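This is query-v5.cif. It holds mmCIF, C-alpha atoms and all ligand atoms.
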data_coords
loop_
_atom_site.label_atom_id
_atom_site.label_comp_id
_atom_site.auth_asym_id
_atom_site.auth_seq_id
_atom_site.Cartn_x
_atom_site.Cartn_y
_atom_site.Cartn_z
CA MET A 26 14.76 15.98 23.45
CA SER A 27 13.68 14.87 19.99
CA TYR A 28 15.45 15.85 16.78
CA GLN A 29 13.81 18.81 15.00
CA PRO A 30 14.64 19.06 11.29
CA LYS A 31 14.80 22.56 9.79
CA ASN A 32 16.02 22.54 6.19
CA ILE A 33 15.00 19.29 4.57
CA LEU A 34 15.96 17.83 1.23
CA VAL A 35 13.17 15.44 0.23
CA THR A 36 14.01 13.29 -2.78
CA GLY A 37 11.20 11.89 -4.93
CA GLY A 38 8.70 14.24 -3.29
CA ALA A 39 6.54 14.50 -6.43
CA GLY A 40 5.83 10.77 -6.38
CA PHE A 41 3.08 8.96 -4.52
CA ILE A 42 4.45 8.61 -0.98
CA GLY A 43 6.86 11.54 -1.22
CA SER A 44 4.11 14.03 -2.09
CA ASN A 45 1.90 12.73 0.71
CA PHE A 46 4.85 13.06 3.09
CA VAL A 47 5.62 16.65 2.03
CA ARG A 48 1.97 17.63 2.52
CA TYR A 49 1.88 15.92 5.91
CA LEU A 50 5.17 17.45 7.06
CA LEU A 51 4.32 21.03 6.08
CA GLY A 52 1.13 20.62 8.10
CA ALA A 53 2.74 18.90 11.09
CA ALA A 54 5.94 20.96 11.44
CA LYS A 55 5.56 24.70 11.04
CA ASP A 56 9.26 25.60 11.10
CA VAL A 57 10.57 23.43 8.28
CA ASN A 58 11.68 24.33 4.76
CA VAL A 59 11.45 21.61 2.15
CA VAL A 60 13.54 21.40 -1.01
CA ASN A 61 11.90 18.73 -3.13
CA LEU A 62 14.36 17.15 -5.59
CA ASP A 63 12.51 15.07 -8.14
CA LEU A 64 13.44 14.06 -11.67
CA LEU A 65 9.75 14.03 -12.62
CA THR A 66 9.98 10.67 -14.31
CA TYR A 67 6.75 9.08 -15.55
CA ALA A 68 5.89 8.56 -11.84
CA GLY A 69 6.64 12.07 -10.63
CA ASN A 70 3.83 14.52 -11.07
CA PRO A 71 3.68 18.18 -9.94
CA ASP A 72 -0.12 17.76 -9.80
CA ASN A 73 0.52 15.61 -6.73
CA LEU A 74 1.71 18.75 -4.97
CA LYS A 75 -1.52 20.63 -5.54
CA GLY A 76 -2.31 23.05 -2.77
CA MET A 77 1.35 23.66 -2.04
CA ASP A 78 1.97 25.88 -5.11
CA GLY A 79 2.11 29.12 -3.17
CA GLU A 80 3.77 27.57 -0.12
CA GLU A 81 6.99 29.48 0.56
CA ARG A 82 8.37 26.65 2.67
CA HIS A 83 8.37 24.28 -0.32
CA THR A 84 10.59 24.45 -3.44
CA LEU A 85 10.35 21.88 -6.21
CA VAL A 86 13.60 21.31 -8.12
CA GLN A 87 13.52 19.08 -11.17
CA GLY A 88 16.72 17.06 -11.15
CA ASP A 89 18.41 13.72 -10.74
CA ILE A 90 19.64 12.30 -7.43
CA CYS A 91 22.57 10.85 -9.42
CA ASP A 92 23.67 14.38 -10.40
CA ARG A 93 26.33 14.94 -7.76
CA ALA A 94 27.02 18.58 -8.67
CA LEU A 95 23.32 19.41 -8.31
CA VAL A 96 22.99 17.57 -4.99
CA ASP A 97 26.13 19.32 -3.66
CA ARG A 98 24.74 22.68 -4.67
CA LEU A 99 21.33 22.07 -3.06
CA LEU A 100 22.88 20.92 0.21
CA ARG A 101 25.05 24.03 0.36
CA GLU A 102 22.59 26.65 -0.94
CA HIS A 103 19.80 25.52 1.37
CA SER A 104 21.97 24.61 4.40
CA ILE A 105 20.35 21.18 4.43
CA ASP A 106 20.41 19.45 7.83
CA THR A 107 18.06 16.56 6.97
CA VAL A 108 17.65 14.33 3.94
CA VAL A 109 14.49 12.25 3.53
CA HIS A 110 15.14 9.90 0.65
CA PHE A 111 12.13 8.54 -1.28
CA ALA A 112 13.35 8.83 -4.88
CA ALA A 113 13.40 5.45 -6.56
CA GLU A 114 12.13 3.37 -9.39
CA SER A 115 9.33 1.68 -7.47
CA HIS A 116 7.36 -0.70 -9.67
CA VAL A 117 8.23 -4.41 -9.49
CA ASP A 118 6.83 -5.22 -12.97
CA ARG A 119 8.97 -2.52 -14.59
CA SER A 120 12.04 -3.86 -12.79
CA ILE A 121 11.41 -7.24 -14.41
CA THR A 122 11.29 -5.82 -17.93
CA ALA A 123 13.94 -3.07 -17.51
CA PRO A 124 16.14 -3.48 -14.42
CA GLY A 125 18.91 -1.05 -15.47
CA GLU A 126 17.19 2.11 -14.30
CA PHE A 127 16.55 0.47 -10.91
CA VAL A 128 20.25 -0.17 -10.42
CA ARG A 129 21.07 3.40 -11.44
CA THR A 130 18.48 5.30 -9.43
CA ASN A 131 18.05 3.06 -6.42
CA ILE A 132 21.67 2.05 -5.84
CA GLU A 133 23.83 4.72 -7.51
CA GLY A 134 21.38 7.48 -6.56
CA THR A 135 21.46 6.49 -2.89
CA TYR A 136 25.26 6.28 -3.00
CA CYS A 137 25.43 9.75 -4.56
CA LEU A 138 23.26 11.26 -1.80
CA LEU A 139 25.20 9.54 0.99
CA GLU A 140 28.53 10.71 -0.41
CA ALA A 141 27.27 14.25 -0.90
CA CYS A 142 26.06 14.41 2.71
CA ARG A 143 29.31 12.97 4.03
CA GLN A 144 31.30 15.52 2.05
CA PHE A 145 29.09 18.45 3.01
CA TRP A 146 28.53 17.73 6.71
CA GLN A 147 31.85 16.14 7.60
CA THR A 148 34.44 17.66 5.25
CA GLU A 149 32.97 21.05 4.39
CA GLN A 150 31.08 21.90 7.58
CA LYS A 151 33.71 20.05 9.65
CA LEU A 152 31.16 18.68 12.12
CA ASP A 153 32.67 16.34 14.70
CA LYS A 154 30.87 13.03 15.22
CA GLU A 155 28.86 14.16 18.24
CA THR A 156 27.65 17.40 16.64
CA LEU A 157 26.94 15.60 13.37
CA GLN A 158 24.78 13.02 15.10
CA GLN A 159 22.93 15.60 17.16
CA THR A 160 22.24 18.07 14.36
CA ARG A 161 21.89 16.11 11.11
CA ARG A 162 19.78 13.22 9.76
CA PHE A 163 19.67 11.03 6.67
CA HIS A 164 16.42 9.07 6.60
CA HIS A 165 16.14 6.32 4.01
CA ILE A 166 12.75 4.99 2.86
CA SER A 167 12.76 1.30 2.05
CA THR A 168 10.44 -1.62 1.61
CA ASP A 169 9.44 -4.91 3.22
CA GLU A 170 10.28 -6.59 -0.10
CA VAL A 171 13.97 -6.71 0.91
CA TYR A 172 13.04 -9.59 3.26
CA GLY A 173 11.80 -11.79 0.41
CA THR A 174 8.68 -13.90 0.58
CA LEU A 175 6.74 -15.71 3.35
CA GLU A 176 4.71 -18.90 3.45
CA LEU A 177 1.18 -18.47 4.80
CA ASP A 178 2.08 -19.83 8.26
CA ASP A 179 5.44 -18.01 8.65
CA PRO A 180 5.71 -15.27 11.28
CA ALA A 181 5.76 -11.70 9.96
CA PHE A 182 9.01 -9.94 9.00
CA THR A 183 10.87 -8.34 11.90
CA GLU A 184 13.93 -6.09 11.69
CA GLU A 185 16.03 -9.23 12.31
CA THR A 186 14.66 -11.15 9.32
CA PRO A 187 17.57 -11.77 6.90
CA PHE A 188 17.42 -10.01 3.55
CA ALA A 189 16.37 -12.27 0.65
CA PRO A 190 15.20 -9.98 -2.18
CA ASN A 191 13.63 -11.72 -5.15
CA SER A 192 13.03 -9.07 -7.83
CA PRO A 193 15.45 -6.60 -9.41
CA TYR A 194 13.45 -3.88 -7.61
CA SER A 195 13.81 -5.43 -4.15
CA ALA A 196 17.46 -6.34 -4.81
CA SER A 197 18.21 -2.71 -5.69
CA LYS A 198 16.43 -1.50 -2.55
CA ALA A 199 18.30 -4.05 -0.42
CA ALA A 200 21.59 -2.78 -1.88
CA SER A 201 20.62 0.79 -1.00
CA ASP A 202 19.70 -0.27 2.57
CA HIS A 203 23.12 -1.88 2.94
CA LEU A 204 24.87 1.27 1.72
CA VAL A 205 22.95 3.38 4.23
CA ARG A 206 23.86 0.99 7.03
CA ALA A 207 27.52 1.01 5.95
CA TYR A 208 27.69 4.81 6.03
CA PHE A 209 26.60 4.73 9.67
CA HIS A 210 29.07 2.06 10.72
CA THR A 211 31.99 3.33 8.68
CA TYR A 212 31.61 7.11 8.74
CA GLY A 213 29.17 7.72 11.59
CA LEU A 214 26.65 9.34 9.24
CA PRO A 215 23.44 9.84 11.28
CA VAL A 216 21.13 7.51 9.38
CA THR A 217 17.77 5.86 10.06
CA THR A 218 15.82 3.52 7.75
CA THR A 219 12.18 2.47 7.56
CA ASN A 220 11.06 -0.70 5.76
CA CYS A 221 7.40 -0.35 4.96
CA SER A 222 4.67 -2.58 3.60
CA ASN A 223 2.36 -1.79 0.64
CA ASN A 224 0.96 1.73 0.73
CA TYR A 225 -2.33 2.92 -0.71
CA GLY A 226 -4.10 6.27 -0.75
CA PHE A 227 -4.29 9.57 -2.61
CA TYR A 228 -2.08 10.35 -5.67
CA HIS A 229 -1.15 6.69 -6.23
CA PHE A 230 0.07 6.12 -9.79
CA PRO A 231 -2.32 3.77 -11.62
CA GLU A 232 0.22 1.11 -12.52
CA LYS A 233 -0.03 -0.34 -8.99
CA LEU A 234 -2.83 -2.76 -8.08
CA ILE A 235 -5.24 -0.51 -6.14
CA PRO A 236 -5.33 2.60 -8.36
CA LEU A 237 -5.20 0.45 -11.50
CA VAL A 238 -8.26 -1.49 -10.39
CA ILE A 239 -10.13 1.74 -9.56
CA LEU A 240 -9.21 3.22 -12.94
CA ASN A 241 -10.16 0.12 -14.89
CA ALA A 242 -13.37 -0.41 -12.96
CA LEU A 243 -14.55 3.12 -13.77
CA GLY A 244 -13.44 2.71 -17.39
CA GLN A 245 -15.39 -0.56 -17.84
CA LYS A 246 -12.11 -2.42 -18.43
CA PRO A 247 -10.90 -5.80 -17.09
CA LEU A 248 -9.53 -5.88 -13.52
CA PRO A 249 -6.34 -7.94 -13.98
CA ILE A 250 -5.47 -10.38 -11.20
CA TYR A 251 -2.11 -12.09 -11.48
CA GLY A 252 -2.08 -15.88 -11.00
CA ASP A 253 -4.67 -17.19 -8.52
CA GLY A 254 -5.13 -13.85 -6.70
CA LYS A 255 -4.14 -15.44 -3.39
CA ASN A 256 -0.86 -13.57 -2.94
CA VAL A 257 -0.93 -11.62 0.30
CA ARG A 258 0.17 -8.03 0.91
CA ASP A 259 0.06 -5.99 4.12
CA TRP A 260 -1.60 -2.64 3.41
CA LEU A 261 -0.95 0.74 5.04
CA PHE A 262 -2.68 4.05 4.38
CA VAL A 263 -0.09 6.46 3.01
CA ALA A 264 -0.68 9.21 5.60
CA ASP A 265 0.14 6.65 8.30
CA HIS A 266 3.42 5.94 6.53
CA ALA A 267 4.14 9.70 6.53
CA SER A 268 3.51 9.96 10.28
CA ALA A 269 5.75 6.94 10.93
CA ILE A 270 8.61 8.45 8.94
CA HIS A 271 8.25 11.74 10.80
CA ARG A 272 8.28 9.90 14.14
CA VAL A 273 11.45 7.99 13.22
CA ILE A 274 13.22 11.16 12.05
CA GLU A 275 12.36 12.88 15.33
CA SER A 276 12.97 10.03 17.74
CA GLY A 277 14.46 6.97 16.01
CA ARG A 278 17.78 5.60 17.17
CA LEU A 279 20.66 6.24 14.77
CA GLY A 280 21.77 3.30 12.66
CA GLU A 281 18.50 1.47 13.35
CA THR A 282 15.88 0.17 10.96
CA TYR A 283 12.16 0.27 11.79
CA ASN A 284 9.49 -1.84 10.12
CA VAL A 285 6.30 0.06 9.26
CA GLY A 286 3.06 -1.76 8.56
CA GLY A 287 -0.68 -1.60 8.99
CA TRP A 288 -1.44 -5.05 10.42
CA ASN A 289 -3.69 -5.46 7.38
CA GLU A 290 -2.85 -8.66 5.54
CA LYS A 291 -5.15 -9.22 2.55
CA THR A 292 -5.10 -11.44 -0.50
CA ASN A 293 -5.19 -9.55 -3.77
CA LEU A 294 -8.68 -10.93 -4.40
CA GLU A 295 -9.86 -9.53 -1.05
CA VAL A 296 -8.42 -6.13 -1.98
CA VAL A 297 -10.13 -6.11 -5.37
CA ASP A 298 -13.42 -7.28 -3.82
CA THR A 299 -13.23 -4.41 -1.32
CA ILE A 300 -12.71 -1.89 -4.12
CA CYS A 301 -15.60 -3.37 -6.09
CA SER A 302 -18.03 -3.28 -3.18
CA LEU A 303 -17.11 0.31 -2.29
CA LEU A 304 -17.61 1.33 -5.93
CA ASN A 305 -20.90 -0.62 -6.07
CA GLU A 306 -22.04 1.51 -3.14
CA LEU A 307 -20.56 4.90 -4.09
CA LYS A 308 -20.75 4.83 -7.89
CA PRO A 309 -22.78 1.85 -9.10
CA ARG A 310 -22.47 0.77 -12.72
CA GLU A 311 -25.30 2.05 -14.92
CA ASP A 312 -26.39 -1.54 -15.60
CA LYS A 313 -26.34 -2.20 -11.79
CA VAL A 314 -24.07 -5.23 -12.33
CA SER A 315 -21.31 -5.61 -9.72
CA TYR A 316 -17.81 -4.41 -10.66
CA THR A 317 -16.58 -7.88 -9.67
CA GLU A 318 -17.87 -9.02 -13.08
CA GLN A 319 -14.85 -7.21 -14.57
CA ILE A 320 -12.31 -9.35 -12.65
CA THR A 321 -10.02 -11.21 -15.07
CA PHE A 322 -7.30 -13.66 -14.11
CA VAL A 323 -4.12 -13.05 -16.10
CA LYS A 324 -0.62 -14.54 -16.38
CA ASP A 325 1.31 -14.44 -13.11
CA ARG A 326 4.22 -12.06 -12.44
CA PRO A 327 7.56 -13.92 -12.81
CA GLY A 328 8.99 -14.71 -9.36
CA HIS A 329 5.84 -13.35 -7.73
CA ASP A 330 6.40 -13.19 -3.95
CA ARG A 331 3.58 -15.10 -2.20
CA ARG A 332 3.18 -13.16 1.00
CA TYR A 333 4.51 -10.08 2.79
CA ALA A 334 3.63 -9.32 6.41
CA ILE A 335 5.19 -6.70 8.65
CA ASP A 336 5.67 -6.95 12.39
CA ALA A 337 5.71 -3.27 13.41
CA THR A 338 6.11 -3.98 17.14
CA LYS A 339 9.48 -2.24 17.44
CA LEU A 340 8.11 1.04 16.13
CA GLU A 341 5.20 0.88 18.56
CA ARG A 342 7.28 -0.24 21.54
CA GLU A 343 10.14 2.23 21.08
CA LEU A 344 8.43 5.23 19.50
CA GLY A 345 4.75 4.75 20.33
CA TRP A 346 3.60 4.77 16.70
CA ARG A 347 0.45 3.02 15.50
CA PRO A 348 -1.48 3.55 12.27
CA ALA A 349 -4.58 5.74 12.53
CA GLU A 350 -6.52 4.04 9.72
CA THR A 351 -7.86 0.54 9.42
CA PHE A 352 -8.00 -0.99 5.94
CA GLU A 353 -11.75 -0.32 5.84
CA THR A 354 -11.53 3.39 6.76
CA GLY A 355 -8.45 4.00 4.60
CA MET A 356 -9.95 2.28 1.55
CA ARG A 357 -13.20 4.22 1.85
CA LYS A 358 -11.26 7.51 1.97
CA THR A 359 -9.19 6.37 -1.00
CA ILE A 360 -12.15 5.45 -3.20
CA GLU A 361 -13.92 8.68 -2.27
CA TRP A 362 -10.77 10.63 -3.16
CA TYR A 363 -10.46 8.96 -6.58
CA LEU A 364 -14.11 9.61 -7.33
CA ALA A 365 -13.71 13.27 -6.36
CA ASN A 366 -10.42 13.66 -8.27
CA GLN A 367 -11.10 12.11 -11.63
CA PRO A 368 -9.38 15.01 -13.48
CA TRP A 369 -6.13 14.05 -11.68
CA LEU A 370 -6.55 10.45 -12.78
CA ASN A 371 -7.45 11.43 -16.34
CA ASN A 372 -4.44 13.76 -16.56
CA VAL A 373 -2.08 11.06 -15.41
CA VAL A 374 -3.48 8.61 -17.87
CA SER A 375 -3.61 11.01 -20.80
CA GLY A 376 -0.09 12.26 -20.17
CA ASP A 377 -1.31 15.86 -20.02
CA TYR A 378 0.78 16.48 -16.96
CA ARG A 379 3.94 15.82 -19.00
CA LYS A 380 3.03 18.77 -21.19
CA TRP A 381 2.51 20.80 -18.04
CA VAL A 382 5.98 19.77 -16.84
CA GLU A 383 7.54 20.84 -20.12
CA LYS A 384 5.82 24.21 -19.94
CA GLN A 385 6.68 24.73 -16.31
CA TYR A 386 10.22 23.41 -16.18
CA GLY A 387 11.36 23.27 -19.81
CA ALA A 388 12.10 19.57 -19.45
P1 LIG B 1 6.80 6.56 -6.99
O1 LIG B 1 7.28 5.76 -8.15
O2 LIG B 1 5.38 7.00 -6.93
O3 LIG B 1 7.68 7.88 -6.84
C1 LIG B 1 9.07 7.88 -7.06
C2 LIG B 1 9.48 9.34 -7.26
O4 LIG B 1 10.91 9.36 -7.42
C3 LIG B 1 8.87 9.97 -8.52
O5 LIG B 1 8.38 11.24 -8.20
C4 LIG B 1 10.04 10.05 -9.48
O6 LIG B 1 9.94 11.14 -10.39
C5 LIG B 1 11.21 10.21 -8.52
N1 LIG B 1 12.48 9.77 -9.11
C6 LIG B 1 12.72 8.61 -9.78
N2 LIG B 1 14.01 8.58 -10.19
C7 LIG B 1 14.59 9.71 -9.73
C8 LIG B 1 15.90 10.25 -9.83
N3 LIG B 1 16.89 9.60 -10.47
N4 LIG B 1 16.16 11.44 -9.26
C9 LIG B 1 15.16 12.14 -8.61
N5 LIG B 1 13.90 11.67 -8.52
C10 LIG B 1 13.62 10.48 -9.07
O7 LIG B 1 7.21 5.71 -5.71
P2 LIG B 1 6.50 5.59 -4.30
O8 LIG B 1 5.54 4.48 -4.36
O9 LIG B 1 6.07 6.93 -3.86
O10 LIG B 1 7.74 5.10 -3.42
C11 LIG B 1 8.60 6.04 -2.78
C12 LIG B 1 9.65 5.29 -1.98
O11 LIG B 1 9.01 4.45 -1.02
C13 LIG B 1 10.53 4.37 -2.82
O12 LIG B 1 11.83 4.44 -2.32
C14 LIG B 1 9.93 2.99 -2.60
O13 LIG B 1 10.92 1.99 -2.73
C15 LIG B 1 9.47 3.12 -1.16
N6 LIG B 1 8.33 2.27 -0.77
C16 LIG B 1 7.18 2.26 -1.51
C17 LIG B 1 6.09 1.50 -1.07
C18 LIG B 1 4.78 1.50 -1.82
O14 LIG B 1 3.88 0.74 -1.46
N7 LIG B 1 4.60 2.32 -2.85
C19 LIG B 1 6.21 0.73 0.10
C20 LIG B 1 7.40 0.75 0.81
C21 LIG B 1 8.45 1.53 0.37
O1 LIG B 2 5.62 -4.16 -0.26
C1 LIG B 2 6.03 -2.87 -0.57
C2 LIG B 2 6.05 -2.69 -2.07
O2 LIG B 2 4.69 -2.63 -2.49
C3 LIG B 2 6.81 -1.44 -2.52
O3 LIG B 2 8.15 -1.56 -2.14
C4 LIG B 2 6.69 -1.25 -4.03
O4 LIG B 2 7.31 -0.04 -4.42
C5 LIG B 2 5.21 -1.20 -4.39
O5 LIG B 2 5.07 -1.09 -5.80
C6 LIG B 2 4.49 -2.44 -3.88
O6 LIG B 2 4.92 -3.62 -4.60
P1 LIG B 2 3.87 -4.77 -5.04
O7 LIG B 2 4.46 -5.50 -6.17
O8 LIG B 2 3.41 -5.54 -3.87
O9 LIG B 2 2.65 -3.81 -5.52
P2 LIG B 2 1.69 -3.89 -6.79
O10 LIG B 2 0.61 -2.89 -6.57
O11 LIG B 2 2.44 -3.85 -8.08
O12 LIG B 2 1.06 -5.35 -6.64
C7 LIG B 2 0.33 -5.71 -5.49
C8 LIG B 2 -0.10 -7.14 -5.65
O13 LIG B 2 -1.08 -7.21 -6.70
C9 LIG B 2 1.01 -8.08 -6.09
O14 LIG B 2 0.82 -9.34 -5.50
C10 LIG B 2 0.85 -8.18 -7.60
C11 LIG B 2 -0.65 -8.04 -7.77
N1 LIG B 2 -1.09 -7.39 -9.03
C12 LIG B 2 -0.53 -6.22 -9.39
C13 LIG B 2 -0.94 -5.56 -10.52
C14 LIG B 2 -0.28 -4.27 -10.97
C15 LIG B 2 -2.13 -7.95 -9.75
O15 LIG B 2 -2.66 -9.02 -9.40
N2 LIG B 2 -2.55 -7.30 -10.88
C16 LIG B 2 -1.98 -6.14 -11.30
O16 LIG B 2 -2.39 -5.60 -12.37
#

As a first step, turn the structure in this file into C-alpha cells.
Ligand code: NAD
Ligand code: DAU
Amino acid sequence: MSYQPKNILVTGGAGFIGSNFVRYLLGAAKDVNVVNLDLLTYAGNPDNLKGMDGEERHTLVQGDICDRALVDRLLREHSIDTVVHFAAESHVDRSITAPGEFVRTNIEGTYCLLEACRQFWQTEQKLDKETLQQTRRFHHISTDEVYGTLELDDPAFTEETPFAPNSPYSASKAASDHLVRAYFHTYGLPVTTTNCSNNYGFYHFPEKLIPLVILNALGQKPLPIYGDGKNVRDWLFVADHASAIHRVIESGRLGETYNVGGWNEKTNLEVVDTICSLLNELKPREDKVSYTEQITFVKDRPGHDRRYAIDATKLERELGWRPAETFETGMRKTIEWYLANQPWLNNVVSGDYRKWVEKQYGA
C-alpha cells in the first residue's frame, strides 16, 4: 500500500519547480490540500500559480521557512502530514557573489523545518515511531551538484557517489541533505530525498541558462556562454521532476535518496543551438539571420563544474519511474510556452509582479 499524503506543506511553491509541482499534484491527487509557504523572494512569483487562484485546495502563505513560529503554526492549523521542501536560494552565480543567504535559507531553513516537524509529530502529536513512519513524510528536494564535478569519461553520479560540492550553493544543499539524513537516523523522522539534474520548462526564472537565452534571443541581445561552452549538464523537463517527486513520496523507502535525471547530457553550446534552431523555426528573426549569430562567449564562472550526469537507475528499478519527455519534445514545448506567455516573461523582467505582490500581500 503506497503512502497517500493529505495535508501537504509545500515550501518554495511559488518558484520554478515548486509551482510546477503544485500544479501537477493538484491534478494528479484529488484528495490533497496544499499550503504553499513561500517568502516570494525575487525568484518567487504568484504569477507562476496562475490557474490555481480559485482552487480551494491550495493556499499561498507568504513567509520564511526560517520563521519557526510561523512554521509551527502552519503545521498545527493545517494538520500537516507531509512536507515537500523546495524552498531554497537556487542560483549558483548568486551564491558566488553573496553566499550568506544560501547558508541561511538552505541550511538554517531546512533545520527549522525538520525541528518543527519533529516537535509537532513526535512531541505534540505523540506519534510512536511506527505510526509516525506510516502516516507522515518529509520529502527534501536536492540537486546533483552535491556530488561535485565529472570528467567526460567518468560514469554518471549514483546514490553512492561521495559528496564533493564545489560552489557555496551546492555546499549549502549538501549540508541540508546531511541534516535530513541525520533526522532519519537519529530521530526516526520519515524522510526521503531526491537529487535531481538540471530542470527546464515553464515558469523558469530568466537568470538560468535556458530561459535567459530565450529572453535574450527574442530581445536581440547577446546569448552569453561561459568559458568554452563545453560544460555538460543533464537536462530534465520539469513536469517529469514533479512526477518523480510524487512517486518517491508515495512509494520511496524511508531514509533513502533517489537520483532523478533525464538521460539527456548536453553541452551548453548544444543547448543554446537547440534553442536557436527552434526559435528560427517558430519565430524567425525579421532579418532572417539565425539566432546563433547572437551567441557571445563571456568570462567563465569561477569554479565552474565541468560535467554533471545522473544515473537514475535506482528510481526506475525500485519505483518504475522514467521521464515522459525527451530533450527534443520538452524543449519544443518549452519554447512554444515562452512564445505564448511573453507577458509572464515581460512581467518578471520588468518587476511588475513585485508590485502585484505588494498589493496582494502587503509585503
Ligand atoms: P527557484 O529559485 O525558482 O525557487 C525557489 C523558491 O523558494 C522561490 O519561490 C522563493 O521565493 C522561495 N524561497 C526562497 N527563500 C525562501 C525562504 N527563506 N522561505 C520561503 N521560501 C523561500 O528554485 P527552483 O529552481 O524552483 O528550485 C527549487 C528546489 O529544487 C531547490 O531546493 C533547488 O535546490 C532544487 N533543484 C533545482 C534544480 C533546477 O534545475 N532548478 C535541480 C535540482 C534541484
Ligand atoms: O544541476 C542542478 C542545478 O542546475 C540546480 O541545483 C540549480 O539550482 C540550477 O540553477 C542549475 O544549476 P546550473 O548552474 O547548472 O544552471 P545554470 O542555468 O545557471 O547554468 C547551466 C550551465 O550554463 C552552466 O554550465 C553555466 C552555463 N551558463 C549559465 C548562464 C546563466 C552560461 O554559459 N551562461 C549563462 O548566462

Given all atoms listed in the file, how would the per-residue table for chain A near ligand LIG 2 (chain B) read, listing every residue at most 7 Å away with its closest atom pair and distance in Å to one decimal, sorted by chain and number, as JSON lines?
{"residue": "A:Ser115", "atom": "CA", "partner": "B:LIG2", "partner_atom": "O4", "distance": 4.0}
{"residue": "A:His116", "atom": "CA", "partner": "B:LIG2", "partner_atom": "O5", "distance": 4.5}
{"residue": "A:Val117", "atom": "CA", "partner": "B:LIG2", "partner_atom": "O7", "distance": 5.1}
{"residue": "A:Asp118", "atom": "CA", "partner": "B:LIG2", "partner_atom": "O11", "distance": 6.7}
{"residue": "A:Ser167", "atom": "CA", "partner": "B:LIG2", "partner_atom": "O3", "distance": 6.9}
{"residue": "A:Thr168", "atom": "CA", "partner": "B:LIG2", "partner_atom": "O3", "distance": 4.4}
{"residue": "A:Asp169", "atom": "CA", "partner": "B:LIG2", "partner_atom": "O1", "distance": 5.2}
{"residue": "A:Glu170", "atom": "CA", "partner": "B:LIG2", "partner_atom": "O1", "distance": 5.3}
{"residue": "A:Cys221", "atom": "CA", "partner": "B:LIG2", "partner_atom": "C1", "distance": 6.2}
{"residue": "A:Ser222", "atom": "CA", "partner": "B:LIG2", "partner_atom": "O1", "distance": 4.3}
{"residue": "A:Asn223", "atom": "CA", "partner": "B:LIG2", "partner_atom": "O2", "distance": 4.0}
{"residue": "A:Asn224", "atom": "CA", "partner": "B:LIG2", "partner_atom": "O2", "distance": 6.6}
{"residue": "A:Glu232", "atom": "CA", "partner": "B:LIG2", "partner_atom": "C14", "distance": 5.6}
{"residue": "A:Lys233", "atom": "CA", "partner": "B:LIG2", "partner_atom": "O10", "distance": 3.6}
{"residue": "A:Leu234", "atom": "CA", "partner": "B:LIG2", "partner_atom": "O10", "distance": 3.8}
{"residue": "A:Ile235", "atom": "CA", "partner": "B:LIG2", "partner_atom": "O10", "distance": 6.3}
{"residue": "A:Leu237", "atom": "CA", "partner": "B:LIG2", "partner_atom": "O16", "distance": 6.7}
{"residue": "A:Pro249", "atom": "CA", "partner": "B:LIG2", "partner_atom": "O16", "distance": 4.9}
{"residue": "A:Ile250", "atom": "CA", "partner": "B:LIG2", "partner_atom": "O15", "distance": 3.6}
{"residue": "A:Tyr251", "atom": "CA", "partner": "B:LIG2", "partner_atom": "O15", "distance": 3.7}
{"residue": "A:Gly254", "atom": "CA", "partner": "B:LIG2", "partner_atom": "O15", "distance": 6.1}
{"residue": "A:Asn256", "atom": "CA", "partner": "B:LIG2", "partner_atom": "O14", "distance": 5.2}
{"residue": "A:Val257", "atom": "CA", "partner": "B:LIG2", "partner_atom": "O14", "distance": 6.5}
{"residue": "A:Arg258", "atom": "CA", "partner": "B:LIG2", "partner_atom": "O8", "distance": 6.3}
{"residue": "A:Asn293", "atom": "CA", "partner": "B:LIG2", "partner_atom": "O13", "distance": 5.6}
{"residue": "A:His329", "atom": "CA", "partner": "B:LIG2", "partner_atom": "O14", "distance": 6.8}
{"residue": "A:Asp330", "atom": "CA", "partner": "B:LIG2", "partner_atom": "O14", "distance": 7.0}
{"residue": "A:Tyr333", "atom": "CA", "partner": "B:LIG2", "partner_atom": "O1", "distance": 6.8}

Store the residues picked out above in a file with C-alpha atoms, as a short mmCIF file (atom, residue, chain, number, x, y, z; two decimals), keeping the file's coordinate frame.
data_model
loop_
_atom_site.label_atom_id
_atom_site.label_comp_id
_atom_site.auth_asym_id
_atom_site.auth_seq_id
_atom_site.Cartn_x
_atom_site.Cartn_y
_atom_site.Cartn_z
CA SER A 115 9.33 1.68 -7.47
CA HIS A 116 7.36 -0.70 -9.67
CA VAL A 117 8.23 -4.41 -9.49
CA ASP A 118 6.83 -5.22 -12.97
CA SER A 167 12.76 1.30 2.05
CA THR A 168 10.44 -1.62 1.61
CA ASP A 169 9.44 -4.91 3.22
CA GLU A 170 10.28 -6.59 -0.10
CA CYS A 221 7.40 -0.35 4.96
CA SER A 222 4.67 -2.58 3.60
CA ASN A 223 2.36 -1.79 0.64
CA ASN A 224 0.96 1.73 0.73
CA GLU A 232 0.22 1.11 -12.52
CA LYS A 233 -0.03 -0.34 -8.99
CA LEU A 234 -2.83 -2.76 -8.08
CA ILE A 235 -5.24 -0.51 -6.14
CA LEU A 237 -5.20 0.45 -11.50
CA PRO A 249 -6.34 -7.94 -13.98
CA ILE A 250 -5.47 -10.38 -11.20
CA TYR A 251 -2.11 -12.09 -11.48
CA GLY A 254 -5.13 -13.85 -6.70
CA ASN A 256 -0.86 -13.57 -2.94
CA VAL A 257 -0.93 -11.62 0.30
CA ARG A 258 0.17 -8.03 0.91
CA ASN A 293 -5.19 -9.55 -3.77
CA HIS A 329 5.84 -13.35 -7.73
CA ASP A 330 6.40 -13.19 -3.95
CA TYR A 333 4.51 -10.08 2.79
#

Within 8 Å of ligand LIG 1 (chain B), counting all atoms listed in the file: which residues, as a ChimeraX atom specification?
/A:36-44,62-70,87-91,110-116,129-131,134,165-170,198,220-225,229-230

Restricting to all atoms listed in the file, whichever of A:Pro309, A:Tyr283, A:Ser197, A:Ser192 is closest to Thr122 in chain A is A:Ser192

Mind checking which residues fall within 8 Å of range 345-354 of chain A, counting all atoms listed in the file, ignoring those fewer than 6 positions away in the same chain, and posting them as a short mmCIF file (atom, residue, chain, number, x, y, z; two decimals) with C-alpha atoms, in the coordinates of the input?
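What landed in result_18.cif:
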data_model
loop_
_atom_site.label_atom_id
_atom_site.label_comp_id
_atom_site.auth_asym_id
_atom_site.auth_seq_id
_atom_site.Cartn_x
_atom_site.Cartn_y
_atom_site.Cartn_z
CA TRP A 260 -1.60 -2.64 3.41
CA LEU A 261 -0.95 0.74 5.04
CA PHE A 262 -2.68 4.05 4.38
CA ASP A 265 0.14 6.65 8.30
CA HIS A 266 3.42 5.94 6.53
CA ALA A 269 5.75 6.94 10.93
CA ARG A 272 8.28 9.90 14.14
CA GLY A 286 3.06 -1.76 8.56
CA GLY A 287 -0.68 -1.60 8.99
CA ASN A 289 -3.69 -5.46 7.38
#
